[in-house]
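Asks: Coordinates in my_file15.txt, compact mmCIF, C-alpha atoms, are listed below.
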# COMPACT_ATOMS: atom_id res chain seq x y z
CA MET A 1 95.13 112.77 14.00
CA ALA A 2 96.50 109.63 12.36
CA ASP A 3 94.26 106.88 11.03
CA SER A 4 95.55 104.50 13.70
CA ASP A 5 94.13 106.75 16.42
CA ILE A 6 90.58 105.74 15.49
CA ALA A 7 89.45 102.48 16.97
CA PRO A 8 88.74 99.89 14.26
CA ILE A 9 85.21 99.32 15.50
CA LEU A 10 84.38 102.99 15.11
CA THR A 11 85.84 103.05 11.60
CA THR A 12 83.65 100.16 10.59
CA ARG A 13 80.58 101.86 11.98
CA HIS A 14 81.49 105.05 10.20
CA GLU A 15 81.94 103.22 6.88
CA GLU A 16 78.77 101.31 7.42
CA ALA A 17 76.85 104.46 8.01
CA MET A 18 78.41 106.18 5.02
CA GLY A 19 77.82 103.10 2.89
CA PHE A 20 74.17 103.02 3.86
CA PHE A 21 73.83 106.69 3.06
CA GLN A 22 75.64 106.30 -0.25
CA ARG A 23 73.43 103.38 -1.26
CA MET A 24 70.35 105.45 -0.48
CA VAL A 25 71.66 108.34 -2.54
CA SER A 26 72.71 105.98 -5.33
CA LYS A 27 69.28 104.37 -5.45
CA GLY A 28 67.56 107.72 -5.44
CA LEU A 29 69.79 109.15 -8.15
CA GLY A 30 69.44 105.99 -10.22
CA TRP A 31 65.66 106.14 -9.93
CA ALA A 32 65.68 109.79 -10.96
CA ARG A 33 68.11 109.31 -13.82
CA LYS A 34 66.44 106.30 -15.37
CA TYR A 35 63.09 108.06 -15.67
CA SER A 36 64.42 111.32 -17.05
CA LEU A 37 66.56 110.28 -19.99
CA PHE A 38 67.17 113.10 -22.41
CA THR A 39 67.76 111.47 -25.78
CA TYR A 40 70.10 112.72 -28.46
CA PRO A 41 68.82 110.97 -31.60
CA TYR A 42 71.81 110.52 -33.90
CA ALA A 43 69.59 109.46 -36.80
CA THR A 44 71.43 108.74 -40.03
CA ALA A 45 69.30 106.26 -41.91
CA CYS A 46 65.93 104.54 -42.30
CA CYS A 47 65.86 103.54 -38.61
CA GLY A 48 65.15 107.22 -38.03
CA MET A 49 61.61 106.62 -39.29
CA GLU A 50 61.17 103.95 -36.66
CA TYR A 51 62.57 106.31 -34.05
CA MET A 52 59.91 108.85 -35.05
CA SER A 53 57.30 106.15 -34.69
CA VAL A 54 58.58 105.33 -31.19
CA ALA A 55 58.51 108.98 -30.26
CA ALA A 56 55.07 109.67 -31.75
CA SER A 57 51.75 109.21 -30.02
CA ARG A 58 51.01 105.53 -30.73
CA HIS A 59 54.09 104.08 -29.08
CA ASP A 60 54.99 107.22 -27.17
CA ILE A 61 58.41 106.82 -25.62
CA SER A 62 57.57 109.61 -23.16
CA ARG A 63 55.53 107.10 -21.15
CA PHE A 64 58.90 105.66 -20.15
CA GLY A 65 60.44 108.93 -19.16
CA ALA A 66 62.50 109.51 -22.30
CA GLU A 67 60.25 112.31 -23.29
CA PHE A 68 62.41 115.00 -24.68
CA PRO A 69 64.80 114.64 -27.64
CA ARG A 70 67.56 117.21 -27.22
CA PHE A 71 69.43 118.23 -30.33
CA SER A 72 72.51 119.33 -28.48
CA PRO A 73 74.78 116.62 -27.06
CA ARG A 74 75.55 118.85 -24.10
CA GLN A 75 71.96 118.65 -22.91
CA ALA A 76 71.53 114.92 -23.47
CA ASP A 77 72.45 111.90 -21.41
CA LEU A 78 71.29 109.14 -23.77
CA LEU A 79 72.90 108.86 -27.19
CA MET A 80 70.68 106.87 -29.53
CA VAL A 81 72.65 105.94 -32.63
CA VAL A 82 69.87 105.35 -35.12
CA GLY A 83 71.10 103.95 -38.41
CA THR A 84 74.16 103.15 -40.46
CA ILE A 85 77.40 104.83 -39.42
CA ASN A 86 79.97 104.92 -42.18
CA LEU A 87 83.67 105.46 -41.74
CA LYS A 88 83.49 109.08 -42.82
CA GLN A 89 80.96 109.72 -40.09
CA ALA A 90 82.70 107.78 -37.31
CA PRO A 91 84.85 110.71 -36.09
CA ILE A 92 81.74 112.90 -35.92
CA LEU A 93 79.89 110.33 -33.84
CA LYS A 94 82.85 109.99 -31.52
CA ARG A 95 83.01 113.73 -31.06
CA VAL A 96 79.30 113.95 -30.32
CA TYR A 97 79.74 111.23 -27.71
CA GLU A 98 82.67 113.05 -26.15
CA GLN A 99 80.68 116.26 -25.98
CA MET A 100 78.02 114.69 -23.79
CA CYS A 101 78.32 115.19 -20.05
CA GLU A 102 78.65 112.31 -17.59
CA PRO A 103 76.68 110.33 -16.73
CA LYS A 104 75.82 109.18 -20.25
CA TRP A 105 74.53 106.07 -21.92
CA VAL A 106 74.51 104.80 -25.49
CA VAL A 107 71.94 102.72 -27.32
CA ALA A 108 72.75 101.11 -30.67
CA PHE A 109 69.42 101.31 -32.46
CA GLY A 110 69.04 98.72 -35.21
CA VAL A 111 71.39 96.20 -36.71
CA CYS A 112 73.53 98.69 -38.68
CA ALA A 113 74.51 100.61 -35.58
CA SER A 114 75.03 97.36 -33.69
CA SER A 115 77.20 95.49 -36.18
CA GLY A 116 77.17 97.19 -39.57
CA GLY A 117 74.26 95.03 -40.68
CA PHE A 118 74.43 93.83 -44.25
CA TYR A 119 76.66 96.75 -45.19
CA ASP A 120 79.77 94.62 -44.94
CA ASN A 121 81.84 96.71 -47.32
CA TYR A 122 84.57 99.30 -47.64
CA ALA A 123 82.51 102.22 -46.38
CA VAL A 124 80.64 101.22 -43.23
CA LEU A 125 81.73 101.03 -39.61
CA GLN A 126 81.07 97.48 -38.41
CA GLY A 127 79.21 98.42 -35.26
CA ILE A 128 79.52 101.59 -33.22
CA ASP A 129 81.02 99.63 -30.32
CA ARG A 130 84.28 99.77 -32.24
CA ILE A 131 84.56 103.46 -31.40
CA ILE A 132 82.26 104.25 -28.46
CA PRO A 133 80.97 102.16 -25.53
CA VAL A 134 77.45 100.80 -25.96
CA ASP A 135 75.05 99.94 -23.16
CA VAL A 136 72.14 98.37 -25.01
CA TYR A 137 71.94 96.91 -28.51
CA ILE A 138 68.54 96.80 -30.18
CA PRO A 139 68.47 94.35 -33.10
CA GLY A 140 66.16 94.56 -36.11
CA CYS A 141 66.20 96.09 -39.55
CA PRO A 142 64.55 98.30 -38.50
CA PRO A 143 63.49 97.27 -34.97
CA ARG A 144 59.81 97.35 -34.12
CA PRO A 145 58.87 100.16 -31.74
CA GLU A 146 58.07 97.51 -29.13
CA GLN A 147 61.66 96.30 -29.38
CA VAL A 148 62.91 99.82 -28.85
CA LEU A 149 60.74 100.23 -25.77
CA ASP A 150 62.01 96.88 -24.54
CA GLY A 151 65.57 98.07 -25.06
CA LEU A 152 64.81 101.28 -23.24
CA MET A 153 63.39 99.33 -20.30
CA MET A 154 66.54 97.19 -20.25
CA LEU A 155 68.62 100.34 -20.15
CA GLN A 156 66.51 101.69 -17.30
CA GLU A 157 67.05 98.46 -15.39
CA LYS A 158 70.77 98.81 -16.00
CA ILE A 159 70.82 102.45 -14.88
CA GLY A 160 68.81 101.57 -11.77
CA SER A 161 71.35 98.94 -10.77
CA GLN A 162 74.40 101.12 -11.40
CA VAL A 163 76.23 103.00 -8.66
CA HIS A 164 75.50 106.72 -8.74
CA ARG A 165 77.34 109.39 -6.82
CA ILE A 166 76.51 113.03 -6.33
CA ALA A 167 80.05 114.07 -7.21
CA ASP A 168 81.22 111.70 -9.91
CA ARG A 169 84.73 113.03 -10.42
CA GLY A 170 87.27 110.43 -11.40
CA GLN A 171 84.62 107.76 -11.66
CA PRO A 172 84.22 106.87 -15.32
CA ASN A 173 81.22 104.71 -15.94
CA ALA A 174 81.81 100.98 -16.10
CA THR A 175 80.90 100.54 -19.77
CA ALA A 176 83.24 103.32 -20.86
CA ALA A 177 86.07 101.97 -18.71
CA HIS A 178 85.64 98.51 -20.22
CA HIS A 179 85.65 100.01 -23.71
CA GLU A 180 88.83 101.94 -23.01
CA ARG A 181 90.53 98.76 -21.81
CA MET A 182 89.51 96.90 -24.96
CA LEU A 183 90.61 99.77 -27.19
CA SER A 184 94.05 99.95 -25.63
CA ALA A 185 94.34 96.16 -25.69
CA GLY A 186 93.80 96.25 -29.45
CA LYS A 187 96.70 98.59 -30.11
CA MET B 188 63.83 105.63 -79.10
CA SER B 189 66.84 107.75 -79.69
CA ILE B 190 67.69 106.09 -83.01
CA PHE B 191 67.04 109.38 -84.75
CA ALA B 192 69.45 111.33 -82.58
CA LEU B 193 72.16 108.71 -82.94
CA ASP B 194 71.61 108.64 -86.72
CA ARG B 195 72.15 112.39 -86.75
CA VAL B 196 75.35 111.96 -84.76
CA THR B 197 76.58 109.23 -87.08
CA ALA B 198 75.82 111.37 -90.11
CA GLN B 199 77.52 114.41 -88.60
CA PHE B 200 80.61 112.68 -87.22
CA PRO B 201 81.04 109.39 -89.05
CA GLU B 202 84.50 108.76 -87.63
CA ALA B 203 83.42 109.48 -84.02
CA VAL B 204 81.09 106.51 -83.69
CA ALA B 205 82.87 103.22 -83.09
CA GLU B 206 79.82 101.02 -82.67
CA ARG B 207 76.03 101.15 -82.56
CA TYR B 208 73.74 98.61 -80.95
CA VAL B 209 70.38 98.16 -79.25
CA ASP B 210 70.34 96.61 -75.79
CA ARG B 211 67.89 94.03 -74.40
CA ALA B 212 65.57 96.73 -73.09
CA GLY B 213 65.37 98.36 -76.51
CA GLY B 214 67.67 101.27 -75.70
CA ALA B 215 69.88 102.46 -78.54
CA TRP B 216 73.54 103.02 -77.74
CA ALA B 217 76.46 104.59 -79.51
CA VAL B 218 80.05 103.91 -78.57
CA ILE B 219 82.01 107.11 -79.09
CA HIS B 220 85.76 107.57 -79.41
CA ALA B 221 87.04 109.51 -76.40
CA ASP B 222 88.52 112.37 -78.44
CA TRP B 223 85.19 113.08 -80.06
CA LEU B 224 83.09 113.09 -76.91
CA PRO B 225 82.94 116.87 -76.30
CA LYS B 226 82.07 117.55 -79.95
CA VAL B 227 79.34 114.92 -80.02
CA ALA B 228 77.88 116.14 -76.71
CA ALA B 229 77.97 119.77 -77.88
CA PHE B 230 76.20 118.77 -81.08
CA LEU B 231 73.50 116.87 -79.17
CA LYS B 232 73.01 119.78 -76.82
CA ASN B 233 73.02 122.65 -79.26
CA ASP B 234 71.36 121.25 -82.35
CA PRO B 235 67.89 122.84 -82.30
CA GLU B 236 66.25 119.66 -83.53
CA LEU B 237 67.88 117.43 -80.93
CA ASN B 238 68.11 119.77 -77.93
CA PHE B 239 69.56 117.33 -75.37
CA LYS B 240 69.86 119.99 -72.70
CA LEU B 241 69.60 117.83 -69.59
CA PHE B 242 72.57 115.83 -68.34
CA GLY B 243 70.87 112.79 -66.83
CA SER B 244 73.76 110.90 -65.35
CA ALA B 245 77.17 109.41 -65.93
CA ASP B 246 78.58 106.22 -64.53
CA ALA B 247 81.32 103.76 -65.25
CA VAL B 248 81.64 100.01 -65.65
CA ASP B 249 84.71 98.07 -64.63
CA ARG B 250 84.86 95.10 -67.00
CA LEU B 251 87.85 93.47 -65.31
CA HIS B 252 86.16 90.09 -64.81
CA LEU B 253 84.12 90.10 -68.00
CA ALA B 254 85.08 88.13 -71.06
CA GLU B 255 85.57 91.28 -73.06
CA ASN B 256 87.73 93.53 -70.90
CA ASP B 257 90.04 95.45 -73.15
CA PRO B 258 89.90 98.41 -72.69
CA ARG B 259 88.98 97.94 -69.07
CA PHE B 260 86.50 100.73 -68.33
CA GLU B 261 83.36 101.98 -70.00
CA VAL B 262 81.97 105.37 -69.07
CA VAL B 263 78.30 105.76 -69.88
CA TYR B 264 76.39 109.01 -70.35
CA PHE B 265 72.66 109.56 -70.36
CA LEU B 266 71.41 112.81 -71.87
CA TYR B 267 67.78 113.84 -72.02
CA SER B 268 65.96 116.03 -74.49
CA LEU B 269 63.12 118.03 -72.97
CA THR B 270 61.59 118.71 -76.38
CA ARG B 271 61.98 115.23 -77.83
CA HIS B 272 61.20 113.51 -74.50
CA GLU B 273 63.82 110.84 -74.93
CA HIS B 274 67.22 109.80 -73.70
CA VAL B 275 70.34 109.33 -75.69
CA ARG B 276 72.85 106.77 -74.43
CA LEU B 277 76.52 107.28 -75.10
CA LYS B 278 79.37 105.06 -74.10
CA VAL B 279 83.10 105.71 -74.12
CA ARG B 280 85.76 103.07 -73.57
CA VAL B 281 88.74 103.97 -71.40
CA SER B 282 91.89 101.95 -70.92
CA GLU B 283 93.41 101.32 -67.52
CA SER B 284 96.83 102.71 -68.40
CA LYS B 285 95.35 105.99 -69.61
CA ALA B 286 92.23 106.33 -67.47
CA GLU B 287 91.39 109.79 -68.71
CA LEU B 288 88.54 111.44 -70.55
CA PRO B 289 87.73 114.98 -71.67
CA SER B 290 85.34 116.52 -69.16
CA LEU B 291 81.81 117.53 -70.10
CA ALA B 292 81.52 119.84 -67.10
CA PRO B 293 82.29 123.01 -69.12
CA LEU B 294 79.40 122.07 -71.41
CA TYR B 295 76.91 120.71 -68.87
CA ARG B 296 76.83 122.05 -65.32
CA GLY B 297 75.13 118.80 -64.33
CA ALA B 298 78.15 116.76 -65.37
CA ASP B 299 80.29 118.29 -62.63
CA TRP B 300 79.27 116.06 -59.71
CA TRP B 301 78.81 112.95 -61.84
CA GLU B 302 82.36 113.18 -63.07
CA ARG B 303 83.56 113.68 -59.52
CA PHE B 304 81.61 110.55 -58.63
CA VAL B 305 83.24 108.53 -61.41
CA TRP B 306 86.65 109.81 -60.34
CA ASP B 307 85.93 108.97 -56.71
CA PHE B 308 84.79 105.40 -57.26
CA TYR B 309 86.56 104.31 -60.46
CA GLY B 310 89.58 106.57 -60.64
CA ILE B 311 88.94 107.88 -64.12
CA ARG B 312 90.29 111.40 -64.53
CA PHE B 313 88.40 114.07 -66.44
CA THR B 314 90.69 116.59 -68.07
CA GLY B 315 89.31 120.10 -68.03
CA HIS B 316 87.08 119.49 -65.03
CA PRO B 317 87.04 122.64 -62.84
CA ASP B 318 87.26 120.88 -59.46
CA LEU B 319 88.00 117.18 -59.64
CA ARG B 320 87.87 116.04 -56.01
CA ARG B 321 86.30 113.03 -54.32
CA ILE B 322 82.60 113.62 -53.89
CA LEU B 323 81.42 111.02 -51.35
CA LEU B 324 84.46 109.40 -49.79
CA TYR B 325 86.93 111.23 -47.59
CA GLU B 326 90.13 112.74 -48.91
CA GLU B 327 92.30 110.31 -46.90
CA PHE B 328 90.87 107.33 -48.78
CA GLN B 329 93.39 105.37 -50.84
CA GLY B 330 92.25 103.78 -54.08
CA HIS B 331 88.90 103.59 -55.81
CA PRO B 332 86.48 101.14 -54.18
CA LEU B 333 84.21 100.25 -57.10
CA ARG B 334 87.11 98.93 -59.12
CA LYS B 335 86.80 95.17 -59.20
CA ASP B 336 90.33 94.68 -57.91
CA TYR B 337 89.63 96.68 -54.74
CA ALA B 338 89.47 94.23 -51.82
CA LEU B 339 85.91 93.62 -50.70
CA ARG B 340 86.37 94.57 -47.06
CA ASP B 341 89.36 96.89 -47.29
CA ARG B 342 88.15 99.44 -44.77
CA GLN B 343 90.18 102.56 -44.10
CA PRO B 344 89.03 103.90 -40.73
CA LEU B 345 89.80 107.50 -39.81
CA ILE B 346 89.99 106.89 -36.07
CA PRO B 347 91.33 103.90 -34.10
CA GLU B 348 88.85 101.09 -33.71
CA ARG B 349 88.47 98.37 -31.16
CA PRO B 350 89.26 95.15 -33.04
CA ILE B 351 86.40 92.70 -32.92
CA LYS B 352 87.19 89.41 -34.57
CA ASP B 353 84.34 87.17 -33.59
CA ILE B 354 81.93 87.92 -36.41
CA PHE B 355 82.21 85.58 -39.39
CA ARG B 356 80.58 87.06 -42.43
CA GLY B 357 81.25 84.64 -45.22
CA PRO B 358 84.07 84.47 -47.72
CA GLY B 359 86.20 87.40 -48.72
CA THR B 360 89.09 89.25 -47.22
CA SER B 361 88.43 90.57 -43.75
CA GLY B 362 88.85 94.25 -42.99
CA ILE B 363 90.43 93.31 -39.68
CA ALA B 364 94.16 92.82 -39.82
Before anything else, please render the file you have as structure tokens.
Replies:
Amino acid sequence: MADSDIAPILTTRHEEAMGFFQRMVSKGLGWARKYSLFTYPYATACCGMEYMSVAASRHDISRFGAEFPRFSPRQADLLMVVGTINLKQAPILKRVYEQMCEPKWVVAFGVCASSGGFYDNYAVLQGIDRIIPVDVYIPGCPPRPEQVLDGLMMLQEKIGSQVHRIADRGQPNATAAHHERMLSAGK
Amino acid sequence: MSIFALDRVTAQFPEAVAERYVDRAGGAWAVIHADWLPKVAAFLKNDPELNFKLFGSADAVDRLHLAENDPRFEVVYFLYSLTRHEHVRLKVRVSESKAELPSLAPLYRGADWWERFVWDFYGIRFTGHPDLRRILLYEEFQGHPLRKDYALRDRQPLIPERPIKDIFRGPGTSGIA
């Protein structure tokens, strides 16, 4: 049966129905994903102390659904880059990012991860967005735990508004696709 | 107060000591000729009265932009005596054309990594060192970044980076081509 055999009106109804169903699924998946973030804390510097404070009982990041730090990138879907990344470490960070399964998100925790901070010298990567896509930047040296929670809530908002599919093959996430475009444009 | 130890060194090796002075903080220094360094260090370590058994640290100074800059480098050594409870401060001047010193690593195990550090960041070779590799930077790195003529933002990334040009960070050469 060729495509032309189907009456246009029926096609529209079919797409409409599918679209409605997909939006429902997307919303449901988004809701589930944003409240069950498994964090991989890539802690390299003093911001790590602040990360511990966020994770500990007073500020308690688990109230926001990011309960469980996983120390294997394969089990995590949120990469938190906590601290200064120098050029020797950049390939390691990139590999950790590549080892994570889709869907995945990245938070640059603190000013060093976001832009290199005051380490404007021969050794330090000037922001992790030069090598991996970043969804949320949290400023501060180090950021207050409240700022981190604010950043996490921003990320959750972002995840909630993204399109989610059950089978995500061939659908790279928008942030990563943008990053790839910028990287190839720079060559 | 390591005046006593330095007096002993001066008495033992009169031709090894180029200069003696006391710095602003009251620390006594001796400037040693490079050839004599292993002998002086061995004497400080093994003399039962001095007993400088602990290698505190070693570092270098690039005097390129200072008024007095010939020879260009100074390598400084801090040794500590656990019985006398004091440091001794030695200094060796090294020229740029022959940036080379006899290693103290065969004498002090603790000197091993410090000399690798000085090699890594200042490019001063230590002859007789068992394993003179970079200690902190990666092997692909070209040059020695704590030399004053190393460009401030000369970054040598290992993987391709997305060029971001919109951040102005004050004067100095940019790492972005």
Asks: Within 10 Å of (76.2, 119.7, -67.4) (coordinates as in the file), grab all the protein and nucleic acid residues, counting all atoms listed in the file, and write them out as a PyMOL selection string.
Replies: chain B and resi 232+240-244+266+290-302
Asks: Distance cut-off 10 Å, counting all atoms listed in the file - which residues of chain A neighbour chain B? Return them as a ChimeraX atom specification.
Replies: /A:86-91,94,115,118,120-132,179-187
Asks: For the atom pair atom CA of Gly65 of chain A and atom CA of Leu37 of chain A, what is the interatomic distance in Å to one decimal place?
Replies: 6.3 Å
Asks: Quick one: distance from atom CA of Arg207 of chain B to atom CA of Asn233 of chain B in Å, one decimal?
Replies: 22.0 Å
Asks: What is the atom CA of Asp210 of chain B to atom CA of Asp194 of chain B distance in Å?
Replies: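 For atom CA of Asp210 of chain B relative to atom CA of Asp194 of chain B, the distance reads 16.3 Å.
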Asks: I need every residue sitting at most 12 Å from the point (73.2, 102.2, -78.7) (coordinates as in the file, all atoms listed in the file considered), written as a ChimeraX atom specification.
Replies: /B:188-194,196-197,204-219,263-265,274-279
Asks: Can you tell me, as a list in words, what residues are no more than 8 Å from Ser161 of chain A when counting all atoms listed in the file, ignoring any on the same chain fewer than 2 positions away?
Replies: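 Neighbouring residues, sequence-local ones excluded: Lys27, Gly30, Glu157, Lys158, Ile159 and Val163 of chain A.
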Asks: Could you check which of A:Phe21, A:Arg144, A:Gly83, A:Thr39 is closest to Ile166 of chain A, using all atoms listed in the file?
Replies: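 Once distances to Ile166 of chain A are computed over all atoms listed in the file, the minimum belongs to A:Phe21.
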Asks: Near Gly110 of chain A, counting only C-alpha atoms, which residues have an atom at most 12 Å away, once you skip same-chain residues fewer than 2 positions from it, shown as a PyMOL selection string?
Replies: chain A and resi 43-51+80-85+107-108+112-118+127-128+136-145+147-148+151
